[in-house]
file data07.cif (mmCIF, C-alpha atoms)
data_structure
#
loop_
_atom_site.group_PDB
_atom_site.id
_atom_site.type_symbol
_atom_site.label_atom_id
_atom_site.label_comp_id
_atom_site.auth_asym_id
_atom_site.auth_seq_id
_atom_site.Cartn_x
_atom_site.Cartn_y
_atom_site.Cartn_z
ATOM 1 C CA MET A 1 -82.424 -71.405 55.778
ATOM 2 C CA SER A 2 -82.915 -72.489 52.153
ATOM 3 C CA LEU A 3 -80.039 -73.200 49.766
ATOM 4 C CA ILE A 4 -80.739 -69.959 47.846
ATOM 5 C CA ASN A 5 -80.639 -67.872 51.028
ATOM 6 C CA ARG A 6 -77.423 -69.546 52.231
ATOM 7 C CA VAL A 7 -75.645 -69.000 48.934
ATOM 8 C CA LEU A 8 -76.901 -65.405 48.803
ATOM 9 C CA PHE A 9 -75.742 -64.739 52.377
ATOM 10 C CA TRP A 10 -72.198 -65.992 51.757
ATOM 11 C CA TYR A 11 -72.030 -64.317 48.354
ATOM 12 C CA ILE A 12 -72.870 -60.903 49.848
ATOM 13 C CA LEU A 13 -70.568 -61.474 52.815
ATOM 14 C CA LEU A 14 -67.634 -62.177 50.512
ATOM 15 C CA ALA A 15 -68.544 -59.523 47.938
ATOM 16 C CA ILE A 16 -68.683 -56.526 50.290
ATOM 17 C CA PRO A 17 -64.914 -56.467 51.128
ATOM 18 C CA PHE A 18 -63.990 -56.769 47.432
ATOM 19 C CA LEU A 19 -66.414 -53.999 46.451
ATOM 20 C CA TYR A 20 -65.172 -51.764 49.269
ATOM 21 C CA TYR A 21 -61.522 -52.335 48.286
ATOM 22 C CA HIS A 22 -62.365 -51.487 44.672
ATOM 23 C CA GLU A 23 -63.853 -48.120 45.713
ATOM 24 C CA LYS A 24 -61.721 -47.237 48.762
ATOM 25 C CA HIS A 25 -60.179 -44.235 46.977
ATOM 26 C CA LEU A 26 -63.565 -42.462 47.080
ATOM 27 C CA PRO A 27 -65.218 -40.561 49.986
ATOM 28 C CA PHE A 28 -66.944 -42.926 52.427
ATOM 29 C CA PRO A 29 -70.558 -41.774 51.678
ATOM 30 C CA ILE A 30 -70.002 -42.427 47.955
ATOM 31 C CA ILE A 31 -68.502 -45.846 48.764
ATOM 32 C CA ILE A 32 -71.628 -46.741 50.759
ATOM 33 C CA LEU A 33 -73.848 -45.562 47.885
ATOM 34 C CA LEU A 34 -71.928 -47.511 45.220
ATOM 35 C CA VAL A 35 -71.554 -50.709 47.266
ATOM 36 C CA SER A 36 -75.251 -50.652 48.240
ATOM 37 C CA LEU A 37 -76.274 -50.236 44.604
ATOM 38 C CA ALA A 38 -73.931 -53.028 43.492
ATOM 39 C CA ILE A 39 -75.237 -55.406 46.182
ATOM 40 C CA LEU A 40 -78.851 -54.625 45.236
ATOM 41 C CA VAL A 41 -78.156 -55.337 41.561
ATOM 42 C CA SER A 42 -76.259 -58.494 42.531
ATOM 43 C CA ILE A 43 -79.146 -59.791 44.667
ATOM 44 C CA ILE A 44 -81.610 -59.266 41.818
ATOM 45 C CA ILE A 45 -79.330 -61.091 39.365
ATOM 46 C CA VAL A 46 -78.747 -63.960 41.837
ATOM 47 C CA PHE A 47 -82.479 -64.540 42.325
ATOM 48 C CA CYS A 48 -83.084 -64.432 38.566
ATOM 49 C CA SER A 49 -80.171 -66.812 37.975
ATOM 50 C CA PHE A 50 -81.382 -69.321 40.576
ATOM 51 C CA TYR A 51 -84.900 -69.441 39.217
ATOM 52 C CA LEU A 52 -83.550 -69.842 35.691
ATOM 53 C CA LEU A 53 -81.141 -72.599 36.777
ATOM 54 C CA GLY A 54 -83.937 -74.321 38.683
ATOM 55 C CA PHE A 55 -85.915 -74.475 35.444
ATOM 56 C CA ILE A 56 -82.876 -75.722 33.487
ATOM 57 C CA PHE A 57 -82.080 -78.443 36.047
ATOM 58 C CA LYS A 58 -85.568 -79.864 35.532
ATOM 59 C CA TRP A 59 -84.581 -80.381 31.893
ATOM 60 C CA ASP A 60 -81.061 -81.762 32.292
ATOM 61 C CA PHE A 61 -79.280 -82.416 28.972
ATOM 62 C CA PHE A 62 -82.052 -80.815 26.915
ATOM 63 C CA TRP A 63 -80.229 -78.893 24.152
ATOM 64 C CA VAL A 64 -82.962 -76.280 23.517
ATOM 65 C CA VAL A 65 -82.908 -75.058 27.123
ATOM 66 C CA GLU A 66 -79.103 -75.227 27.273
ATOM 67 C CA GLY A 67 -78.758 -73.336 24.001
ATOM 68 C CA LEU A 68 -81.073 -70.566 25.200
ATOM 69 C CA TYR A 69 -79.186 -70.233 28.503
ATOM 70 C CA LEU A 70 -75.741 -70.238 26.905
ATOM 71 C CA GLY A 71 -76.895 -67.916 24.109
ATOM 72 C CA ILE A 72 -78.164 -65.311 26.595
ATOM 73 C CA SER A 73 -74.941 -65.665 28.616
ATOM 74 C CA LEU A 74 -72.746 -65.132 25.550
ATOM 75 C CA LEU A 75 -74.841 -62.115 24.544
ATOM 76 C CA ILE A 76 -74.270 -60.563 27.979
ATOM 77 C CA LEU A 77 -70.527 -61.269 27.764
ATOM 78 C CA TYR A 78 -70.443 -59.726 24.286
ATOM 79 C CA PHE A 79 -72.003 -56.460 25.502
ATOM 80 C CA LEU A 80 -69.596 -56.441 28.461
ATOM 81 C CA GLY A 81 -66.704 -56.579 25.998
ATOM 82 C CA ILE A 82 -65.333 -59.906 27.265
ATOM 83 C CA LEU A 83 -65.420 -61.478 23.805
ATOM 84 C CA GLU A 84 -63.266 -58.663 22.395
ATOM 85 C CA ASN A 85 -60.399 -59.835 24.594
ATOM 86 C CA ARG A 86 -58.402 -62.808 23.304
ATOM 87 C CA GLY A 87 -57.797 -64.102 26.816
ATOM 88 C CA GLY A 88 -61.538 -63.962 27.509
ATOM 89 C CA ARG A 89 -62.307 -65.972 24.373
ATOM 90 C CA VAL A 90 -59.702 -68.618 25.252
ATOM 91 C CA PHE A 91 -61.100 -68.906 28.789
ATOM 92 C CA LEU A 92 -64.659 -69.353 27.499
ATOM 93 C CA PHE A 93 -63.474 -71.931 24.959
ATOM 94 C CA PHE A 94 -62.056 -74.171 27.705
ATOM 95 C CA ILE A 95 -65.170 -73.706 29.862
ATOM 96 C CA PHE A 96 -67.365 -74.706 26.928
ATOM 97 C CA LEU A 97 -65.084 -77.683 26.224
ATOM 98 C CA LEU A 98 -65.492 -78.913 29.814
ATOM 99 C CA PHE A 99 -69.233 -78.395 29.526
ATOM 100 C CA LEU A 100 -69.347 -80.581 26.402
ATOM 101 C CA ILE A 101 -67.299 -83.321 28.109
ATOM 102 C CA PHE A 102 -69.609 -83.431 31.137
ATOM 103 C CA ARG A 103 -72.667 -83.357 28.901
ATOM 104 C CA ILE A 104 -71.457 -86.194 26.698
ATOM 105 C CA THR A 105 -70.530 -88.305 29.741
ATOM 106 C CA ARG A 106 -73.871 -87.383 31.379
ATOM 107 C CA ASN A 107 -72.119 -86.360 34.598
ATOM 108 C CA ARG A 108 -74.978 -84.459 36.208
ATOM 109 C CA VAL A 109 -72.966 -83.044 39.158
ATOM 110 C CA TYR A 110 -70.231 -81.408 37.055
ATOM 111 C CA TYR A 111 -72.717 -80.501 34.333
ATOM 112 C CA ARG A 112 -74.786 -78.501 36.812
ATOM 113 C CA SER A 113 -71.656 -77.092 38.464
ATOM 114 C CA ILE A 114 -70.501 -75.595 35.138
ATOM 115 C CA LEU A 115 -73.877 -73.946 34.554
ATOM 116 C CA PHE A 116 -73.975 -72.690 38.152
ATOM 117 C CA GLY A 117 -70.414 -71.334 37.913
ATOM 118 C CA PHE A 118 -71.271 -69.555 34.669
ATOM 119 C CA ALA A 119 -74.160 -67.815 36.429
ATOM 120 C CA ILE A 120 -71.852 -66.672 39.264
ATOM 121 C CA LEU A 121 -69.292 -65.403 36.722
ATOM 122 C CA ILE A 122 -71.869 -63.320 34.864
ATOM 123 C CA ASN A 123 -73.301 -62.043 38.150
ATOM 124 C CA GLY A 124 -69.868 -60.803 39.241
ATOM 125 C CA LEU A 125 -69.096 -59.197 35.874
ATOM 126 C CA LEU A 126 -72.459 -57.418 35.723
ATOM 127 C CA THR A 127 -72.086 -56.222 39.326
ATOM 128 C CA PHE A 128 -68.662 -54.701 38.686
ATOM 129 C CA GLN A 129 -69.910 -53.208 35.414
ATOM 130 C CA VAL A 130 -72.722 -51.431 37.267
ATOM 131 C CA LEU A 131 -70.239 -50.304 39.929
ATOM 132 C CA SER A 132 -67.771 -49.024 37.327
ATOM 133 C CA ASN A 133 -70.361 -47.213 35.211
ATOM 134 C CA THR A 134 -71.949 -45.564 38.265
ATOM 135 C CA GLU A 135 -68.531 -44.364 39.441
ATOM 136 C CA ILE A 136 -67.810 -42.911 35.982
ATOM 137 C CA LEU A 137 -71.246 -41.250 35.933
ATOM 138 C CA ILE A 138 -70.637 -39.592 39.313
ATOM 139 C CA PHE A 139 -67.163 -38.433 38.243
ATOM 140 C CA HIS A 140 -68.607 -37.052 34.989
ATOM 141 C CA TYR A 141 -71.258 -35.022 36.815
ATOM 142 C CA MET A 142 -68.644 -33.619 39.211
ATOM 143 C CA PHE A 143 -67.099 -31.932 36.156
ATOM 144 C CA ARG A 144 -70.383 -31.130 34.458
ATOM 145 C CA GLU A 145 -71.618 -29.123 37.438
ATOM 146 C CA LYS A 146 -68.739 -26.666 36.952
ATOM 147 C CA TYR A 147 -69.711 -25.970 33.338
ATOM 148 C CA SER A 148 -73.434 -26.798 33.347
ATOM 149 C CA GLU A 149 -74.459 -23.575 31.582
ATOM 150 C CA GLU A 150 -74.526 -24.219 27.830
ATOM 151 C CA THR A 151 -75.047 -20.964 25.951
ATOM 152 C CA GLU A 152 -75.018 -22.437 22.448
ATOM 153 C CA ASP A 153 -75.078 -25.732 20.543
ATOM 154 C CA PHE A 154 -71.453 -26.398 19.589
ATOM 155 C CA THR A 155 -71.990 -29.953 18.323
ATOM 156 C CA LYS A 156 -72.809 -29.221 14.661
ATOM 157 C CA TRP A 157 -69.920 -29.959 12.300
ATOM 158 C CA ASP A 158 -69.684 -29.586 8.509
ATOM 159 C CA PHE A 159 -67.488 -32.036 6.601
ATOM 160 C CA ASP A 160 -65.928 -31.207 3.220
ATOM 161 C CA GLU A 161 -65.050 -34.440 1.372
ATOM 162 C CA LYS A 162 -62.922 -32.659 -1.249
ATOM 163 C CA THR A 163 -60.482 -31.160 1.248
ATOM 164 C CA ASN A 164 -61.096 -33.764 4.001
ATOM 165 C CA SER A 165 -61.687 -30.869 6.382
ATOM 166 C CA ILE A 166 -64.246 -30.484 9.142
ATOM 167 C CA ARG A 167 -65.527 -27.148 10.434
ATOM 168 C CA ASN A 168 -67.600 -25.921 13.353
ATOM 169 C CA THR A 169 -68.873 -22.419 12.627
ATOM 170 C CA SER A 170 -70.282 -21.920 16.142
ATOM 171 C CA ILE A 171 -66.854 -21.921 17.813
ATOM 172 C CA PRO A 172 -65.447 -21.180 15.065
ATOM 173 C CA ILE A 173 -62.769 -23.790 14.357
ATOM 174 C CA GLU A 174 -61.620 -25.924 11.410
ATOM 175 C CA PHE A 175 -59.371 -28.989 11.031
ATOM 176 C CA THR A 176 -58.003 -30.929 8.090
ATOM 177 C CA ILE A 177 -58.265 -34.589 9.086
ATOM 178 C CA PRO A 178 -54.961 -36.428 8.402
ATOM 179 C CA ARG A 179 -54.850 -40.065 7.300
ATOM 180 C CA GLY A 180 -55.136 -42.324 10.323
ATOM 181 C CA LEU A 181 -57.590 -40.223 12.354
ATOM 182 C CA PHE A 182 -61.393 -40.412 12.475
ATOM 183 C CA PHE A 183 -63.966 -37.973 13.855
ATOM 184 C CA HIS A 184 -66.504 -38.978 16.547
ATOM 185 C CA ASN A 185 -69.642 -36.906 17.069
ATOM 186 C CA PRO A 186 -70.605 -36.060 20.694
ATOM 187 C CA LYS A 187 -74.046 -37.692 20.312
ATOM 188 C CA ASP A 188 -72.343 -41.101 19.949
ATOM 189 C CA LEU A 189 -70.124 -40.786 23.037
ATOM 190 C CA SER A 190 -70.428 -42.378 26.479
ATOM 191 C CA TYR A 191 -70.265 -40.506 29.798
ATOM 192 C CA LYS A 192 -66.603 -41.450 30.233
ATOM 193 C CA ASP A 193 -65.723 -39.990 26.834
ATOM 194 C CA LYS A 194 -67.464 -36.722 27.775
ATOM 195 C CA THR A 195 -65.615 -36.236 31.071
ATOM 196 C CA GLY A 196 -63.303 -33.243 31.079
ATOM 197 C CA SER A 197 -63.133 -29.481 31.499
ATOM 198 C CA GLY A 198 -66.025 -27.967 29.593
ATOM 199 C CA GLN A 199 -68.566 -29.190 27.057
ATOM 200 C CA ILE A 200 -67.426 -31.952 24.702
ATOM 201 C CA VAL A 201 -67.787 -31.015 21.023
ATOM 202 C CA GLY A 202 -65.940 -33.860 19.277
ATOM 203 C CA ILE A 203 -63.115 -36.392 19.277
ATOM 204 C CA PHE A 204 -60.461 -37.256 16.696
ATOM 205 C CA SER A 205 -59.317 -40.830 17.336
ATOM 206 C CA SER A 206 -57.083 -43.337 15.556
ATOM 207 C CA SER A 207 -59.996 -45.813 15.613
ATOM 208 C CA GLU A 208 -63.121 -45.459 13.494
ATOM 209 C CA LYS A 209 -65.215 -47.240 16.134
ATOM 210 C CA ASP A 210 -63.582 -46.538 19.503
ATOM 211 C CA PRO A 211 -62.883 -42.894 20.494
ATOM 212 C CA ASN A 212 -60.604 -44.067 23.322
ATOM 213 C CA ILE A 213 -57.944 -45.628 21.068
ATOM 214 C CA TYR A 214 -55.084 -43.171 20.996
ATOM 215 C CA PRO A 215 -53.492 -41.156 19.676
ATOM 216 C CA TYR A 216 -56.572 -38.986 20.038
ATOM 217 C CA ILE A 217 -57.617 -35.384 20.557
ATOM 218 C CA ARG A 218 -60.790 -34.607 22.483
ATOM 219 C CA ILE A 219 -62.168 -31.102 21.954
ATOM 220 C CA PHE A 220 -63.911 -29.278 24.799
ATOM 221 C CA ILE A 221 -65.276 -25.755 24.895
ATOM 222 C CA VAL A 222 -66.005 -23.412 27.783
ATOM 223 C CA GLY A 223 -68.339 -20.628 26.643
ATOM 224 C CA GLY A 224 -70.235 -17.747 28.157
ATOM 225 C CA TYR A 225 -67.198 -15.684 29.159
ATOM 226 C CA LYS A 226 -66.396 -17.981 32.080
ATOM 227 C CA VAL A 227 -63.101 -17.331 33.851
ATOM 228 C CA ILE A 228 -60.779 -20.196 32.944
ATOM 229 C CA GLU A 229 -57.000 -20.293 33.202
ATOM 230 C CA GLN A 230 -54.299 -22.883 32.614
ATOM 231 C CA SER A 231 -53.997 -23.553 36.351
ATOM 232 C CA ILE A 232 -57.711 -24.451 36.552
ATOM 233 C CA VAL A 233 -57.556 -26.871 33.617
ATOM 234 C CA LYS A 234 -54.278 -28.291 34.928
ATOM 235 C CA GLU A 235 -55.870 -29.119 38.307
ATOM 236 C CA GLU A 236 -58.926 -30.713 36.705
ATOM 237 C CA TYR A 237 -56.824 -32.693 34.215
ATOM 238 C CA SER A 238 -54.694 -33.955 37.078
ATOM 239 C CA GLN A 239 -57.891 -35.162 38.793
ATOM 240 C CA VAL A 240 -58.820 -37.181 35.689
ATOM 241 C CA LEU A 241 -55.389 -38.852 35.625
ATOM 242 C CA GLU A 242 -55.585 -39.571 39.355
ATOM 243 C CA PHE A 243 -59.057 -41.070 38.863
ATOM 244 C CA GLU A 244 -57.693 -43.414 36.180
ATOM 245 C CA SER A 245 -54.731 -44.298 38.406
ATOM 246 C CA GLN A 246 -56.992 -45.204 41.334
ATOM 247 C CA ARG A 247 -59.058 -47.398 39.021
ATOM 248 C CA GLY A 248 -55.899 -49.334 38.110
ATOM 249 C CA GLU A 249 -55.787 -48.163 34.481
ATOM 250 C CA ILE A 250 -52.532 -46.181 34.588
ATOM 251 C CA GLU A 251 -49.553 -45.692 36.904
ATOM 252 C CA SER A 252 -46.232 -43.858 37.263
ATOM 253 C CA ILE A 253 -47.694 -40.438 36.432
ATOM 254 C CA LYS A 254 -44.944 -37.835 35.972
ATOM 255 C CA MET A 255 -45.339 -34.141 35.217
ATOM 256 C CA LEU A 256 -43.610 -32.897 32.068
ATOM 257 C CA GLY A 257 -44.623 -29.290 32.566
ATOM 258 C CA GLU A 258 -45.598 -26.573 30.122
ATOM 259 C CA ASN A 259 -45.257 -26.892 26.377
ATOM 260 C CA LYS A 260 -45.767 -24.484 23.484
ATOM 261 C CA SER A 261 -47.116 -25.793 20.206
ATOM 262 C CA GLU A 262 -44.676 -25.434 17.289
ATOM 263 C CA ASN A 263 -47.395 -23.953 15.076
ATOM 264 C CA HIS A 264 -49.307 -21.933 17.676
ATOM 265 C CA LYS A 265 -47.044 -20.238 20.211
ATOM 266 C CA ASN A 266 -49.975 -18.486 21.916
ATOM 267 C CA TRP A 267 -51.523 -21.768 23.102
ATOM 268 C CA GLU A 268 -51.094 -22.632 26.781
ATOM 269 C CA GLY A 269 -50.171 -26.309 27.176
ATOM 270 C CA PHE A 270 -49.357 -28.697 29.999
ATOM 271 C CA PHE A 271 -48.432 -32.401 29.797
ATOM 272 C CA TRP A 272 -47.765 -35.557 31.826
ATOM 273 C CA THR A 273 -46.287 -38.993 31.075
ATOM 274 C CA PHE A 274 -47.608 -42.264 32.497
ATOM 275 C CA PHE A 275 -47.524 -46.015 32.020
ATOM 276 C CA ASP A 276 -50.725 -47.410 30.525
ATOM 277 C CA LEU A 277 -51.565 -50.689 32.261
ATOM 278 C CA MET A 278 -54.394 -51.478 29.850
ATOM 279 C CA ARG A 279 -52.198 -51.642 26.714
ATOM 280 C CA PRO A 280 -49.377 -51.675 28.209
ATOM 281 C CA ARG A 281 -47.037 -48.902 27.044
ATOM 282 C CA TYR A 282 -45.563 -45.552 28.063
ATOM 283 C CA SER A 283 -47.795 -42.705 26.998
ATOM 284 C CA LYS A 284 -48.277 -38.974 27.244
ATOM 285 C CA ALA A 285 -51.354 -36.917 28.106
ATOM 286 C CA GLY A 286 -52.039 -33.210 28.335
ATOM 287 C CA PHE A 287 -53.919 -30.269 26.928
ATOM 288 C CA TYR A 288 -53.726 -26.982 25.074
ATOM 289 C CA LEU A 289 -55.901 -24.082 26.217
ATOM 290 C CA ILE A 290 -56.912 -21.724 23.399
ATOM 291 C CA ASN A 291 -58.543 -18.348 23.983
ATOM 292 C CA MET A 292 -60.795 -17.788 20.960
ATOM 293 C CA GLY A 293 -61.230 -14.088 21.759
ATOM 294 C CA ASN A 294 -65.028 -14.251 21.503
ATOM 295 C CA GLY A 295 -65.811 -15.426 25.015
ATOM 296 C CA ASN A 296 -65.055 -19.050 24.195
ATOM 297 C CA HIS A 297 -62.097 -21.143 25.328
ATOM 298 C CA VAL A 298 -61.211 -24.336 23.462
ATOM 299 C CA ILE A 299 -59.400 -27.140 25.304
ATOM 300 C CA LEU A 300 -57.606 -29.767 23.223
ATOM 301 C CA ASP A 301 -57.272 -32.895 25.378
ATOM 302 C CA ILE A 302 -54.454 -34.982 23.845
ATOM 303 C CA ARG A 303 -53.404 -38.550 24.561
ATOM 304 C CA GLU A 304 -50.713 -40.301 22.546
ATOM 305 C CA ASN A 305 -47.837 -42.759 22.623
ATOM 306 C CA LEU A 306 -44.545 -41.556 24.062
ATOM 307 C CA ILE A 307 -41.977 -41.287 21.267
ATOM 308 C CA GLU A 308 -38.393 -40.070 20.957
ATOM 309 C CA ASP A 309 -37.118 -36.944 19.148
ATOM 310 C CA LYS A 310 -40.593 -35.371 18.745
ATOM 311 C CA PHE A 311 -42.958 -34.030 21.365
ATOM 312 C CA HIS A 312 -46.115 -35.164 19.498
ATOM 313 C CA GLU A 313 -46.802 -38.132 17.260
ATOM 314 C CA GLU A 314 -46.807 -37.165 13.597
ATOM 315 C CA VAL A 315 -50.554 -37.606 13.102
ATOM 316 C CA ILE A 316 -51.292 -35.390 16.128
ATOM 317 C CA GLU A 317 -48.813 -32.757 14.954
ATOM 318 C CA ASN A 318 -50.469 -32.755 11.512
ATOM 319 C CA LEU A 319 -53.928 -32.265 13.008
ATOM 320 C CA LEU A 320 -52.726 -29.466 15.295
ATOM 321 C CA GLY A 321 -50.923 -27.795 12.395
ATOM 322 C CA SER A 322 -54.095 -27.819 10.283
ATOM 323 C CA LEU A 323 -56.189 -25.990 12.865
ATOM 324 C CA LYS A 324 -57.609 -22.686 11.697
#
call {"tool": "encode", "arguments": {"input": "data07.cif", "output": "structure tokens"}}
result
Amino acid sequence: MSLINRVLFWYILLAIPFLYYHEKHLPFPIIILLVSLAILVSIIIVFCSFYLLGFIFKWDFFWVVEGLYLGISLLILYFLGILENRGGRVFLFFIFLLFLIFRITRNRVYYRSILFGFAILINGLLTFQVLSNTEILIFHYMFREKYSEETEDFTKWDFDEKTNSIRNTSIPIEFTIPRGLFFHNPKDLSYKDKTGSGQIVGIFSSSEKDPNIYPYIRIFIVGGYKVIEQSIVKEEYSQVLEFESQRGEIESIKMLGENKSENHKNWEGFFWTFFDLMRPRYSKAGFYLINMGNGNHVILDIRENLIEDKFHEEVIENLLGSLK
């Protein structure tokens, strides 16, 4: 057995238990599908990496080849979001520092080991990225199937710069955007951002670039005179929170119960608290269900920081109060 085949054999043998553990909260057939896809992607990346490293090792200490390899690696890490994390940047800095030391001292064994380890790191990150994105895609389509019939295009918004208001005449609904919130059009959203009860029509987020930075309000609509009640949305929202909990993003989910908006007493609302492991902080999530009276139901999916004295953060309360 060649070196490539031996490394590949042990890599797959060790990867399967980790991949299975990562997805064990899912039904077994879906686990098999996801793990098989991840292993296939991993095998392809391993073969590509070995052939690339074989070429590089023929040109040891040649800066053009090294620069191309490291440049491609950094580009991959950038798109994976590793460079956005301070810890990730510090880790890469020390790896690059070791690489420079071994290159300057012309230590071929450690020099090659660093390049080989970098390839394994990127392989693992890409494999888990494929696994994660596929899982999100499947979860998204589980919701989409329930509301797959789209009777009208609800994604066209008109913005008035003078009043800083945004209006969707198809729903119809209008907001005045308070300072500190930004609007995200559905065409720019990922599958994860679109997951929820109904058809996504827009997101107000506290970040101009990232719709997932809260406080935020995601707006969904269920049209076509479909039967939808608070209990249905509550069950589906609970599934989303459970999905995030199983992925290790949040924990300590507690039900707050029903809530009536101060400005709109006819809205049906339900909320939960949780601890956000990604930030980390205590937060609140929930929704308001609004019957528009024209066959459409609007769902305001809200996520915000948990604060004292007030139920909603001020910027969320201002946006809700401006709704017409």
call {"tool": "resolve_selection", "arguments": {"input": "data07.cif", "expression": "the PyMOL selection byres ((chain A and resi 63-66) around 12)", "output": "list of chain:residue names"}}
result
A:Leu52, A:Leu53, A:Gly54, A:Phe55, A:Ile56, A:Phe57, A:Lys58, A:Trp59, A:Asp60, A:Phe61, A:Phe62, A:Gly67, A:Leu68, A:Tyr69, A:Leu70, A:Gly71, A:Ile72, A:Ser73, A:Phe96, A:Phe99, A:Leu100, A:Arg103, A:Ile104, A:Tyr111, A:Arg112, A:Ile114, A:Leu115
call {"tool": "axis_aligned_box", "arguments": {"input": "data07.cif", "around": "region 114-119 of chain A", "padding_each_side": "4 Å", "output": "JSON"}}
result
{"center_x": -72.3, "center_y": -71.7, "center_z": 36.4, "size_x": 11.7, "size_y": 15.8, "size_z": 11.6}
call {"tool": "residues_around", "arguments": {"input": "data07.cif", "residues": "region 307-310 of chain A", "least_positions_apart": "6", "cutoff": "10 Å", "atoms": "only C-alpha atoms", "output": "ChimeraX atom specification"}}
result
/A:282-284,317
call {"tool": "closest_residue", "arguments": {"input": "data07.cif", "among": "A:Phe154, A:Phe270, A:Tyr216, A:Phe175", "to": "Ile200 (chain A)", "atoms": "only C-alpha atoms"}}
result
A:Phe154
call {"tool": "resolve_selection", "arguments": {"input": "data07.cif", "expression": "the PyMOL selection byres ((chain A and resi 232-247) around 8)", "output": "PyMOL selection string"}}
result
chain A and resi 22+25+196-197+228-231+248-251+253+270+286
call {"tool": "atom_distance", "arguments": {"input": "data07.cif", "atom1": "CA of Leu75 (chain A)", "atom2": "CA of Gly117 (chain A)"}}
result
16.8 Å
call {"tool": "closest_residue", "arguments": {"input": "data07.cif", "among": "A:Pro17, A:Gly180, A:Gly202, A:Gly257", "to": "Arg167 (chain A)", "atoms": "only C-alpha atoms"}}
result
A:Gly202
